[in-house]
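The file final_19.cif contains mmCIF, C-alpha atoms:
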```
data_data
#
loop_
_atom_site.label_atom_id
_atom_site.label_comp_id
_atom_site.auth_asym_id
_atom_site.auth_seq_id
_atom_site.Cartn_x
_atom_site.Cartn_y
_atom_site.Cartn_z
CA MET B 1 153.40 86.34 71.78
CA LYS B 2 155.98 86.06 69.01
CA VAL B 3 155.30 89.63 67.92
CA MET B 4 155.68 90.80 71.53
CA GLN B 5 159.01 88.99 71.88
CA GLU B 6 160.26 90.55 68.66
CA THR B 7 159.14 93.97 69.90
CA ILE B 8 161.05 93.53 73.17
CA LYS B 9 164.11 92.41 71.22
CA GLU B 10 163.93 95.47 68.99
CA LEU B 11 163.45 97.74 72.02
CA MET B 12 166.48 96.36 73.80
CA GLN B 13 168.66 96.34 70.69
CA THR B 14 167.81 100.00 70.12
CA MET B 15 168.67 100.85 73.71
CA GLY B 16 171.94 98.95 73.33
CA LYS B 17 172.92 100.86 70.20
CA LYS B 18 172.13 104.20 71.86
CA ALA B 19 174.09 103.22 74.97
CA ARG B 20 177.13 102.22 72.92
CA GLN B 21 177.08 105.57 71.11
CA ALA B 22 176.60 107.45 74.39
CA ALA B 23 179.56 105.61 75.92
CA ARG B 24 181.78 106.72 73.04
CA GLU B 25 180.64 110.31 73.43
CA LEU B 26 181.25 110.14 77.18
CA GLY B 27 184.87 109.26 76.48
CA ARG B 28 185.37 112.85 75.29
CA VAL B 29 183.81 114.44 78.38
CA ASP B 30 185.95 115.86 81.18
CA THR B 31 185.39 115.48 84.90
CA GLY B 32 183.83 118.92 85.33
CA VAL B 33 180.98 118.13 82.94
CA LYS B 34 180.25 114.83 84.67
CA ASN B 35 180.20 116.57 88.05
CA ARG B 36 177.84 119.27 86.77
CA ALA B 37 175.47 116.55 85.61
CA LEU B 38 175.60 114.78 88.97
CA ASN B 39 174.93 117.96 90.93
CA ALA B 40 172.08 118.85 88.58
CA MET B 41 170.60 115.38 89.14
CA ALA B 42 170.77 115.94 92.91
CA ASP B 43 168.99 119.30 92.55
CA ALA B 44 166.30 117.67 90.41
CA ILE B 45 165.78 114.87 92.95
CA GLU B 46 165.30 117.36 95.78
CA SER B 47 162.94 119.52 93.72
CA ALA B 48 160.86 116.47 92.78
CA GLU B 49 160.38 115.16 96.34
CA VAL B 50 156.60 115.52 96.29
CA SER B 51 156.16 113.77 92.95
CA LEU B 52 158.67 111.05 93.94
CA LEU B 53 156.65 110.31 97.06
CA VAL B 54 153.42 110.19 95.03
CA GLU B 55 154.89 107.73 92.53
CA ASN B 56 156.47 105.65 95.28
CA LYS B 57 153.13 105.37 97.05
CA LYS B 58 151.69 103.77 93.91
CA ASP B 59 154.40 101.12 94.14
CA MET B 60 153.96 100.67 97.90
CA ASP B 61 150.20 100.25 97.59
CA ALA B 62 150.58 97.75 94.75
CA GLY B 63 153.27 95.89 96.69
CA ALA B 64 151.13 95.60 99.80
CA GLU B 65 148.19 94.43 97.72
CA SER B 66 150.30 91.77 95.99
CA GLY B 67 151.65 90.49 99.30
CA LEU B 68 155.26 91.70 99.26
CA ASP B 69 156.88 90.82 102.58
CA ALA B 70 158.04 93.42 105.10
CA ALA B 71 161.70 93.27 104.02
CA LEU B 72 160.86 93.98 100.38
CA LEU B 73 158.44 96.76 101.29
CA ASP B 74 161.16 98.33 103.44
CA ARG B 75 163.56 98.27 100.49
CA LEU B 76 160.90 99.73 98.21
CA GLU B 77 159.82 102.63 100.40
CA LEU B 78 160.93 106.20 99.80
CA ASN B 79 160.53 108.95 102.38
CA SER B 80 161.94 112.43 102.83
CA GLU B 81 165.04 111.13 104.58
CA ARG B 82 165.78 108.56 101.89
CA ILE B 83 165.22 111.06 99.08
CA ALA B 84 167.64 113.45 100.78
CA ALA B 85 170.13 110.57 101.04
CA ILE B 86 169.78 109.87 97.30
CA ALA B 87 170.62 113.50 96.51
CA GLU B 88 173.51 113.46 98.98
CA GLY B 89 174.84 110.29 97.37
CA LEU B 90 174.87 111.97 93.96
CA ARG B 91 176.76 114.96 95.35
CA GLN B 92 179.23 112.73 97.15
CA VAL B 93 180.04 110.90 93.91
CA ALA B 94 180.53 114.28 92.23
CA GLY B 95 183.08 115.09 94.92
CA LEU B 96 185.08 111.90 94.48
CA PRO B 97 188.26 111.74 92.40
CA ASP B 98 187.65 110.70 88.80
CA PRO B 99 189.49 107.41 88.17
CA VAL B 100 189.29 107.67 84.38
CA GLY B 101 192.60 108.44 82.72
CA GLU B 102 194.73 107.75 85.80
CA ILE B 103 198.16 106.48 84.73
CA THR B 104 200.11 104.22 87.08
CA ASN B 105 203.38 102.29 87.10
CA LEU B 106 204.83 104.23 84.17
CA ALA B 107 208.45 103.13 83.90
CA TYR B 108 211.24 102.99 81.35
CA ARG B 109 212.17 99.64 79.88
CA PRO B 110 215.70 98.72 78.75
CA SER B 111 214.60 99.37 75.17
CA GLY B 112 213.88 103.02 76.03
CA ILE B 113 210.09 102.81 75.80
CA GLN B 114 207.88 103.72 78.77
CA VAL B 115 205.25 101.19 79.81
CA GLY B 116 202.40 101.88 82.22
CA LYS B 117 198.69 101.38 82.79
CA MET B 118 195.76 103.73 82.24
CA ARG B 119 192.40 103.36 83.97
CA VAL B 120 189.51 103.34 81.49
CA PRO B 121 185.72 102.74 81.60
CA LEU B 122 184.26 99.29 81.04
CA GLY B 123 181.90 100.72 78.40
CA VAL B 124 178.19 99.87 78.69
CA ILE B 125 176.93 98.38 81.95
CA GLY B 126 173.58 96.63 82.30
CA ILE B 127 172.20 96.71 85.83
CA ILE B 128 169.27 94.52 86.91
CA TYR B 129 167.84 95.10 90.37
CA GLU B 130 164.82 94.56 92.57
CA SER B 131 162.84 96.71 94.97
CA ARG B 132 165.23 99.54 95.87
CA PRO B 133 164.50 102.64 93.78
CA ASN B 134 167.58 104.39 95.17
CA VAL B 135 169.67 101.99 93.06
CA THR B 136 168.47 103.88 89.98
CA ALA B 137 170.23 107.05 91.16
CA ASP B 138 173.24 105.25 92.66
CA ALA B 139 173.83 103.34 89.44
CA ALA B 140 173.45 106.44 87.30
CA ALA B 141 175.95 108.34 89.47
CA LEU B 142 178.63 105.68 89.57
CA THR B 143 178.43 104.69 85.93
CA LEU B 144 178.47 108.31 84.75
CA LYS B 145 181.41 109.35 86.96
CA SER B 146 183.38 106.27 85.86
CA GLY B 147 182.73 107.11 82.20
CA ASN B 148 180.26 104.33 81.44
CA ALA B 149 176.84 104.38 79.83
CA CYS B 150 174.25 102.19 81.50
CA ILE B 151 170.97 100.42 80.88
CA LEU B 152 168.96 100.02 84.08
CA ARG B 153 166.22 97.44 84.55
CA GLY B 154 164.53 97.76 87.93
CA GLY B 155 161.93 95.42 89.34
CA SER B 156 158.32 95.71 88.28
CA GLU B 157 157.38 96.44 91.90
CA ALA B 158 159.28 99.77 91.71
CA ILE B 159 158.35 100.81 88.16
CA HIS B 160 156.67 104.12 89.09
CA SER B 161 159.46 105.15 91.47
CA ASN B 162 162.19 104.23 88.99
CA LYS B 163 160.58 106.15 86.14
CA ALA B 164 160.22 109.23 88.36
CA ILE B 165 163.89 109.08 89.40
CA ALA B 166 164.90 108.47 85.78
CA SER B 167 163.18 111.70 84.82
CA CYS B 168 165.37 113.58 87.33
CA ILE B 169 168.46 111.87 85.94
CA ARG B 170 167.60 112.94 82.41
CA GLN B 171 167.16 116.53 83.60
CA GLY B 172 170.64 116.44 85.12
CA LEU B 173 172.24 114.97 82.00
CA GLU B 174 170.59 117.51 79.72
CA ALA B 175 171.50 120.41 82.04
CA ALA B 176 175.17 119.46 81.57
CA GLY B 177 174.82 119.00 77.81
CA LEU B 178 175.12 115.21 77.92
CA SER B 179 173.10 112.70 75.95
CA ALA B 180 170.00 111.38 77.72
CA ASP B 181 171.02 107.96 76.38
CA THR B 182 173.93 107.91 78.83
CA VAL B 183 171.52 106.53 81.43
CA GLN B 184 168.55 104.59 80.10
CA VAL B 185 165.84 102.96 82.22
CA VAL B 186 163.93 100.02 80.75
CA GLU B 187 160.30 101.02 81.16
CA THR B 188 158.70 97.69 80.26
CA THR B 189 158.08 95.20 83.06
CA ASP B 190 158.20 92.26 80.63
CA ARG B 191 160.81 89.78 81.86
CA ALA B 192 161.85 89.12 78.28
CA ALA B 193 163.72 92.43 78.47
CA VAL B 194 166.10 90.90 81.02
CA GLY B 195 166.77 87.94 78.74
CA GLU B 196 167.69 90.30 75.92
CA LEU B 197 169.83 92.58 78.07
CA ILE B 198 172.03 89.79 79.42
CA THR B 199 172.74 88.37 75.96
CA MET B 200 173.50 91.58 74.01
CA GLU B 201 177.24 90.96 73.67
CA ALA B 202 177.56 93.53 70.90
CA TYR B 203 176.29 96.37 73.07
CA VAL B 204 176.74 95.46 76.76
CA ASP B 205 180.13 94.88 78.38
CA VAL B 206 179.17 93.91 81.95
CA ILE B 207 175.99 92.90 83.79
CA VAL B 208 175.50 93.75 87.48
CA PRO B 209 172.52 91.98 89.10
CA ARG B 210 171.23 93.24 92.46
CA GLY B 211 168.44 91.29 94.07
CA GLY B 212 167.42 87.95 95.50
CA LYS B 213 169.28 84.69 95.11
CA GLY B 214 166.86 83.45 92.43
CA LEU B 215 167.44 86.50 90.22
CA ILE B 216 171.22 86.30 90.51
CA GLU B 217 171.31 82.55 89.88
CA ARG B 218 169.24 83.07 86.74
CA ILE B 219 171.47 85.89 85.48
CA SER B 220 174.64 83.93 86.21
CA ARG B 221 173.27 80.89 84.39
CA ASP B 222 171.86 82.59 81.30
CA ALA B 223 174.08 85.62 80.70
CA ARG B 224 176.46 85.71 77.74
CA VAL B 225 177.93 88.95 79.09
CA PRO B 226 180.39 88.97 82.07
CA VAL B 227 178.61 89.30 85.44
CA ILE B 228 179.68 91.06 88.68
CA LYS B 229 177.56 89.50 91.42
CA HIS B 230 176.94 88.14 94.85
CA LEU B 231 174.37 85.43 95.47
CA HIS B 232 173.47 86.20 99.07
CA GLY B 233 174.79 87.63 102.31
CA VAL B 234 175.09 85.12 105.14
CA CYS B 235 177.11 87.41 107.42
CA HIS B 236 178.61 86.39 110.75
CA VAL B 237 179.84 87.96 113.96
CA TYR B 238 182.16 85.86 116.15
CA ILE B 239 182.47 86.84 119.82
CA ASP B 240 185.87 85.62 120.96
CA ASP B 241 186.66 84.68 124.58
CA LYS B 242 189.08 87.63 124.61
CA ALA B 243 186.31 90.09 123.70
CA ASP B 244 185.24 93.14 125.67
CA LEU B 245 181.75 91.84 126.46
CA GLN B 246 179.94 95.18 126.47
CA LYS B 247 181.56 96.03 123.14
CA ALA B 248 180.54 92.59 121.87
CA ILE B 249 176.93 93.01 122.97
CA ALA B 250 176.65 96.44 121.34
CA VAL B 251 178.15 95.26 118.03
CA ALA B 252 176.18 92.00 117.84
CA PHE B 253 172.92 93.80 118.63
CA ASN B 254 173.54 96.48 116.00
CA ALA B 255 174.67 94.00 113.34
CA LYS B 256 171.29 92.25 113.53
CA THR B 257 168.74 94.90 114.43
CA GLN B 258 169.92 98.16 112.83
CA ARG B 259 168.15 97.04 109.64
CA TYR B 260 166.89 93.58 108.74
CA GLY B 261 166.43 93.56 104.98
CA THR B 262 170.02 94.19 103.87
CA CYS B 263 172.74 91.85 102.61
CA ASN B 264 175.21 93.05 105.26
CA THR B 265 172.95 92.24 108.22
CA MET B 266 174.30 89.54 110.55
CA GLU B 267 172.42 86.27 110.09
CA THR B 268 174.51 83.96 112.33
CA LEU B 269 176.16 84.78 115.66
CA LEU B 270 179.08 82.61 116.79
CA VAL B 271 180.10 82.71 120.47
CA ALA B 272 183.11 81.15 122.18
CA ARG B 273 181.98 78.49 124.66
CA SER B 274 183.86 79.83 127.67
CA ILE B 275 182.05 83.19 127.66
CA ALA B 276 178.65 82.14 126.24
CA ASP B 277 176.87 82.22 129.60
CA ASN B 278 178.27 85.72 130.24
CA VAL B 279 177.10 87.27 126.99
CA LEU B 280 174.18 85.35 125.49
CA PRO B 281 171.51 85.88 128.19
CA GLU B 282 171.93 89.68 128.04
CA LEU B 283 172.02 89.66 124.24
CA ALA B 284 168.96 87.41 124.06
CA GLU B 285 167.00 89.80 126.28
CA LYS B 286 167.87 92.68 123.93
CA TYR B 287 166.95 90.65 120.83
CA ILE B 288 163.65 89.53 122.31
CA GLY B 289 162.90 93.17 123.10
CA GLU B 290 163.08 93.75 119.34
CA ASN B 291 160.98 90.63 118.58
CA VAL B 292 163.92 88.79 117.01
CA GLU B 293 163.35 85.05 116.74
CA LEU B 294 166.37 83.10 118.00
CA ARG B 295 167.35 79.75 116.50
CA GLY B 296 170.19 78.04 118.30
CA CYS B 297 172.39 74.98 118.47
CA ALA B 298 171.65 72.49 121.26
CA GLU B 299 173.94 74.31 123.73
CA THR B 300 172.35 77.66 122.92
CA CYS B 301 168.86 76.25 123.48
CA GLN B 302 169.92 74.91 126.90
CA LEU B 303 171.27 78.34 127.84
CA LEU B 304 168.41 80.36 126.31
CA PRO B 305 164.89 79.00 126.94
CA SER B 306 163.53 81.46 124.35
CA ALA B 307 165.59 79.92 121.52
CA ILE B 308 164.26 77.20 119.24
CA GLN B 309 166.38 74.41 117.79
CA ALA B 310 168.19 75.45 114.62
CA THR B 311 168.23 73.08 111.66
CA GLU B 312 171.29 72.44 109.50
CA ALA B 313 169.71 74.65 106.82
CA ASP B 314 169.66 77.63 109.21
CA TRP B 315 173.45 77.97 109.09
CA ASP B 316 173.21 78.77 105.36
CA GLU B 317 170.13 80.98 105.49
CA GLU B 318 169.94 84.66 104.59
CA TYR B 319 166.82 85.57 106.54
CA LEU B 320 166.51 89.28 105.69
CA ALA B 321 164.13 89.27 108.64
CA PRO B 322 164.15 89.47 112.47
CA ILE B 323 165.50 85.93 112.79
CA LEU B 324 168.98 85.05 114.08
CA SER B 325 170.90 81.78 114.23
CA ILE B 326 173.24 81.36 117.19
CA LYS B 327 175.97 78.75 117.53
CA ILE B 328 178.33 78.19 120.45
CA VAL B 329 181.80 77.21 119.18
CA GLU B 330 184.87 76.00 121.02
CA ASP B 331 187.31 78.71 119.96
CA LEU B 332 188.64 80.77 117.05
CA ASP B 333 189.64 77.66 115.09
CA ASP B 334 186.13 76.26 115.42
CA ALA B 335 184.63 79.61 114.36
CA ILE B 336 186.83 79.79 111.26
CA ASP B 337 185.92 76.19 110.38
CA HIS B 338 182.25 77.13 110.58
CA LEU B 339 182.84 80.14 108.30
CA HIS B 340 184.65 78.01 105.72
CA LYS B 341 181.61 75.73 105.59
CA HIS B 342 178.78 78.25 105.75
CA SER B 343 179.96 81.75 104.83
CA SER B 344 178.62 83.22 101.60
CA GLY B 345 181.82 85.24 101.26
CA HIS B 346 180.15 88.58 102.03
CA THR B 347 181.12 89.99 105.46
CA GLU B 348 182.39 88.54 108.74
CA SER B 349 183.43 90.27 111.97
CA ILE B 350 185.39 89.19 115.05
CA ILE B 351 185.00 90.84 118.45
CA THR B 352 188.25 90.43 120.36
CA GLU B 353 190.88 92.38 122.26
CA ASP B 354 193.58 89.90 121.23
CA TYR B 355 195.69 91.42 118.45
CA SER B 356 197.09 88.10 117.23
CA ARG B 357 193.63 86.55 116.93
CA ALA B 358 192.32 89.61 115.12
CA ARG B 359 195.17 89.34 112.61
CA ARG B 360 194.51 85.62 112.15
CA PHE B 361 190.84 86.31 111.47
CA LEU B 362 191.69 89.00 108.91
CA ARG B 363 194.19 86.73 107.19
CA GLU B 364 192.32 83.41 107.18
CA VAL B 365 188.66 84.35 106.65
CA ASP B 366 188.02 84.47 102.91
CA SER B 367 185.20 87.01 102.52
CA SER B 368 184.93 90.25 100.57
CA SER B 369 184.88 92.25 103.84
CA VAL B 370 186.53 91.04 107.06
CA MET B 371 186.18 93.19 110.18
CA VAL B 372 187.47 93.55 113.73
CA ASN B 373 185.35 94.96 116.56
CA THR B 374 182.69 96.52 114.36
CA SER B 375 179.25 95.82 112.96
CA THR B 376 178.80 94.06 109.62
CA ARG B 377 176.35 96.81 108.72
CA PHE B 378 179.36 98.97 107.78
CA ALA B 379 180.00 96.76 104.72
CA ASP B 380 178.59 99.36 102.38
CA GLY B 381 179.96 101.60 99.65
CA PHE B 382 178.73 104.80 101.30
CA GLU B 383 180.37 103.86 104.61
CA TYR B 384 183.59 102.83 102.84
CA GLY B 385 183.92 106.27 101.29
CA LEU B 386 182.93 105.18 97.79
CA GLY B 387 180.06 107.68 97.73
CA ALA B 388 177.69 104.95 96.68
CA GLU B 389 177.97 101.43 95.39
CA ILE B 390 176.73 99.54 92.38
CA GLY B 391 176.54 96.41 94.50
CA ILE B 392 178.68 94.16 96.67
CA SER B 393 180.63 91.51 94.80
CA THR B 394 181.56 88.19 96.37
CA ASP B 395 183.35 87.21 93.17
CA LYS B 396 187.14 87.30 93.17
CA LEU B 397 187.37 88.68 89.62
CA HIS B 398 187.04 91.46 88.46
CA ALA B 399 185.87 93.35 91.55
CA ARG B 400 185.35 92.24 95.16
CA GLY B 401 183.39 93.84 98.00
CA PRO B 402 181.47 97.10 97.53
CA VAL B 403 181.84 98.08 93.87
CA GLY B 404 182.38 101.81 93.44
CA LEU B 405 184.04 103.91 90.76
CA GLU B 406 187.24 101.93 90.47
CA GLY B 407 185.30 98.66 90.25
CA LEU B 408 183.51 100.02 87.17
CA THR B 409 186.77 100.64 85.34
CA THR B 410 189.54 98.46 84.00
CA GLN B 411 193.13 99.11 82.97
CA LYS B 412 194.89 98.99 79.66
CA PHE B 413 198.60 99.07 78.98
CA ILE B 414 199.97 102.25 77.45
CA VAL B 415 203.36 102.49 75.78
CA LEU B 416 205.20 105.78 75.11
CA GLY B 417 208.10 106.09 72.73
CA GLU B 418 209.95 108.55 70.51
CA GLY B 419 210.22 106.62 67.30
CA HIS B 420 211.54 103.50 68.99
CA ILE B 421 211.75 100.36 66.86
CA ARG B 422 212.32 96.84 68.11
CA GLN B 423 215.72 95.44 67.18
#
```
Please go through the file and, once you have read it, give me the structure as structure tokens.
Amino acid sequence: MKVMQETIKELMQTMGKKARQAARELGRVDTGVKNRALNAMADAIESAEVSLLVENKKDMDAGAESGLDAALLDRLELNSERIAAIAEGLRQVAGLPDPVGEITNLAYRPSGIQVGKMRVPLGVIGIIYESRPNVTADAAALTLKSGNACILRGGSEAIHSNKAIASCIRQGLEAAGLSADTVQVVETTDRAAVGELITMEAYVDVIVPRGGKGLIERISRDARVPVIKHLHGVCHVYIDDKADLQKAIAVAFNAKTQRYGTCNTMETLLVARSIADNVLPELAEKYIGENVELRGCAETCQLLPSAIQATEADWDEEYLAPILSIKIVEDLDDAIDHLHKHSSGHTESIITEDYSRARRFLREVDSSSVMVNTSTRFADGFEYGLGAEIGISTDKLHARGPVGLEGLTTQKFIVLGEGHIRQ
């Protein structure tokens, strides 16, 4: 076992050294080269559709055999539509403005020097994720375009899919004359690799974990490298008594049922007491039609015979499944109080036609995305125009919400002079 641990350590240290060198080389590369690599990656993904599906089936079969639940299998699955979306995501990132080198706030000081800020890459980013093989391509695209090298460690359940996508990424890098070490995928499934990656301060600048609460808690606890994270997504929709009820029904139905296994899916529905009997019966009928289990407060259970009594733990639960908690609240103040107690800081939405209440909700709800009259399922880098996202951060430093290109950069001060000396 000791020999194996030493071997993993050597493997990860070698990857770290290569990534650091690749990051330095990437600093000399212009936007056109990065875009050529991204478009070549997209071409390679499309050309490899058959082999990607074959490799993904190996993962799906193994996952089903090992008892992965439906939500995880949904995240793991690739199909023609999802492969096309991966390629489209790569091309969209290629089409985005390059943030690297942007200079802002350049101004003269009384001394005659000019002081401003320049946007620069973070350096080497370690990304640890579960289930979703599309993250391999998304992460490669965003880190490359933002001038960073990356080390990617996907979950063991997606090892065949990730290696197949990694092969396409290498083809794209090499087609543009870039080092294959710019994007490296950890091919061992040994968990010791994660322990090494999150403690390699000499080679890794930031860790981004994407996965379940247990994974992110472990990374946050054990990492010696800064972490951009969110623990879980307990997202809410509040239907105000000034809501357009048909609009409210459509949004609340979509926020829960459009897709269950995502962090921006609504897990708790809050409804103002005065309109609960006008909106909940129709909504419940639609949810039951989709086999959604309803767990409600005492008032909800009286109104909806199909609902079962919610426990206190339900208000903090990220189900990632066809289960929904429903609570009847007095008014907007009561809804905001509930959010302060139970929100995970991910995404909340209010359905209302009252401008003042909408503004209050936007101002007072402290989540990374706060919405008015729209589904929480829009809390996504692709939908926000970021092309793709590396993850959704519920931290307040250094990035918050969907983390795209700008979130993978930082700023440094630059000072311009003409022989100025300080008196």
### Query
Care to translate the PyMOL selection byres ((chain B and resi 227) around 6) into actual residues of this file, as a ChimeraX atom specification?
/B:206-208,226,228
### Message
What would the selection look like, as JSON, numbers by chain, if the PyMOL selection byres ((chain B and resi 341-347) around 10) were run on the coordinates I just shared?
### Response
{"B": [230, 231, 232, 233, 234, 235, 236, 237, 263, 264, 265, 266, 268, 313, 314, 315, 316, 317, 318, 336, 337, 338, 339, 340, 348, 349, 365, 366, 367, 368, 369, 370, 371, 375, 376, 377, 378, 379, 392, 393, 394, 395, 396, 400, 401, 402]}
Go through range 115-179 of chain B residue by residue and, counting only C-alpha atoms, keep those with an atom at most 12 Å from range 66-74 of chain B; for each kept residue give the shortest atom pair and its distance in Å to one decimal, ordered by chain and increasing number, as CSV.
```
residue,atom,partner,partner_atom,distance
B:Glu130,CA,B:Leu72,CA,8.8
B:Ser131,CA,B:Leu72,CA,6.4
B:Arg132,CA,B:Leu72,CA,8.4
B:Pro133,CA,B:Asp74,CA,11.1
B:Gly155,CA,B:Leu72,CA,11.2
B:Ser156,CA,B:Ser66,CA,11.8
B:Glu157,CA,B:Leu68,CA,9.0
B:Ala158,CA,B:Leu73,CA,10.1
```
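When all atoms listed in the file are used to measure the gap to Asp43 in chain B, the shortest distance among B:Ala310, B:Ile169, B:Ala276, B:Ile216 belongs to B:Ile169.
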### Task
Enumerate, as a PyMOL selection string, the residues matched when the PyMOL selection byres ((chain B and resi 15) around 9) is run on the file above.
chain B and resi 10-14+16-20+151+181+184+186+203
### For Gly172 in chain B, the nearest of the candidates B:Arg109, B:Ala141, B:Arg360, B:Gly123, counting all atoms listed in the file
B:Ala141
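For the set B:Ala64, B:Ile288, B:Arg170, B:Ile128, the residue with the smallest atom-to-atom gap to Ile219 in chain B is B:Ile128, counting only C-alpha atoms.
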Contacts of range 88-143 of chain B with range 192-199 of chain B up to 10 Å, shortest pair per row, only C-alpha atoms, as CSV:
```
residue,atom,partner,partner_atom,distance
B:Ile125,CA,B:Leu197,CA,10.0
B:Gly126,CA,B:Leu197,CA,7.0
B:Ile127,CA,B:Leu197,CA,9.1
B:Ile128,CA,B:Val194,CA,7.6
```
Exercise on range 16-28 of chain B, axis-aligned box with 6 Å per side, report centre and edge lengths in Å to one decimal, as JSON:
```
{"center_x": 178.7, "center_y": 105.9, "center_z": 73.7, "size_x": 25.4, "size_y": 25.9, "size_z": 19.0}
```
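Across B:Ser51, B:Ser220, B:Ser179, B:Asn105, the tightest approach to Val29 in chain B is made by B:Ser179 when counting all atoms listed in the file.
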### Task
Write out as a PyMOL selection string each polymer residue whose atoms come within 9 Å of range 244-257 of chain B, counting only C-alpha atoms; drop sequence neighbours fewer than 2 positions from it.
chain B and resi 236-242+259-260+264-269+275+278-280+282-283+286-287+290+292+322-324+351-353+373-378
### Two-atom distance - CA of Glu330 in chain B, CA of Phe361 in chain B (Å)
15.3 Å
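The nearest approach to Leu76 in chain B among the residues B:Arg357, B:Arg224, B:Lys57, B:His398, with only C-alpha atoms taken into account, belongs to B:Lys57.
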What are the closest atom pairs, with distances in Å to one decimal, for each residue of range 63-124 of chain B lying within 12 Å of range 382-391 of chain B, using only C-alpha atoms, rows by chain and rising residue number, as JSON lines?
```
{"residue": "B:Ala85", "atom": "CA", "partner": "B:Phe382", "partner_atom": "CA", "distance": 10.4}
{"residue": "B:Ile86", "atom": "CA", "partner": "B:Ala388", "partner_atom": "CA", "distance": 9.3}
{"residue": "B:Ala87", "atom": "CA", "partner": "B:Ala388", "partner_atom": "CA", "distance": 11.1}
{"residue": "B:Glu88", "atom": "CA", "partner": "B:Gly387", "partner_atom": "CA", "distance": 8.8}
{"residue": "B:Gly89", "atom": "CA", "partner": "B:Gly387", "partner_atom": "CA", "distance": 5.8}
{"residue": "B:Leu90", "atom": "CA", "partner": "B:Gly387", "partner_atom": "CA", "distance": 7.7}
{"residue": "B:Arg91", "atom": "CA", "partner": "B:Gly387", "partner_atom": "CA", "distance": 8.3}
{"residue": "B:Gln92", "atom": "CA", "partner": "B:Gly387", "partner_atom": "CA", "distance": 5.2}
{"residue": "B:Val93", "atom": "CA", "partner": "B:Gly387", "partner_atom": "CA", "distance": 5.0}
{"residue": "B:Ala94", "atom": "CA", "partner": "B:Gly387", "partner_atom": "CA", "distance": 8.6}
{"residue": "B:Gly95", "atom": "CA", "partner": "B:Gly387", "partner_atom": "CA", "distance": 8.5}
{"residue": "B:Leu96", "atom": "CA", "partner": "B:Gly387", "partner_atom": "CA", "distance": 7.3}
{"residue": "B:Pro97", "atom": "CA", "partner": "B:Leu386", "partner_atom": "CA", "distance": 10.0}
{"residue": "B:Asp98", "atom": "CA", "partner": "B:Leu386", "partner_atom": "CA", "distance": 11.6}
{"residue": "B:Pro99", "atom": "CA", "partner": "B:Leu386", "partner_atom": "CA", "distance": 11.9}
```
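As for CA of Ile328 in chain B and CA of Thr262 in chain B, they are spaced 24.5 Å apart.
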Identify, on the basis of only C-alpha atoms, every residue whose closest approach to Ser167 in chain B does not exceed 10 Å; exclude the query and any residue fewer than 4 positions from it along the same chain; express the result as an mmCIF file with C-alpha atoms, in the frame of the given file.
```cif
data_model
loop_
_atom_site.group_PDB
_atom_site.id
_atom_site.type_symbol
_atom_site.label_atom_id
_atom_site.label_comp_id
_atom_site.auth_asym_id
_atom_site.auth_seq_id
_atom_site.Cartn_x
_atom_site.Cartn_y
_atom_site.Cartn_z
ATOM 1 C CA MET B 41 170.600 115.380 89.140
ATOM 2 C CA ALA B 44 166.300 117.670 90.410
ATOM 3 C CA ILE B 45 165.780 114.870 92.950
ATOM 4 C CA ALA B 48 160.860 116.470 92.780
ATOM 5 C CA ASN B 162 162.190 104.230 88.990
ATOM 6 C CA LYS B 163 160.580 106.150 86.140
ATOM 7 C CA GLN B 171 167.160 116.530 83.600
ATOM 8 C CA GLY B 172 170.640 116.440 85.120
ATOM 9 C CA ALA B 180 170.000 111.380 77.720
ATOM 10 C CA VAL B 185 165.840 102.960 82.220
#
```
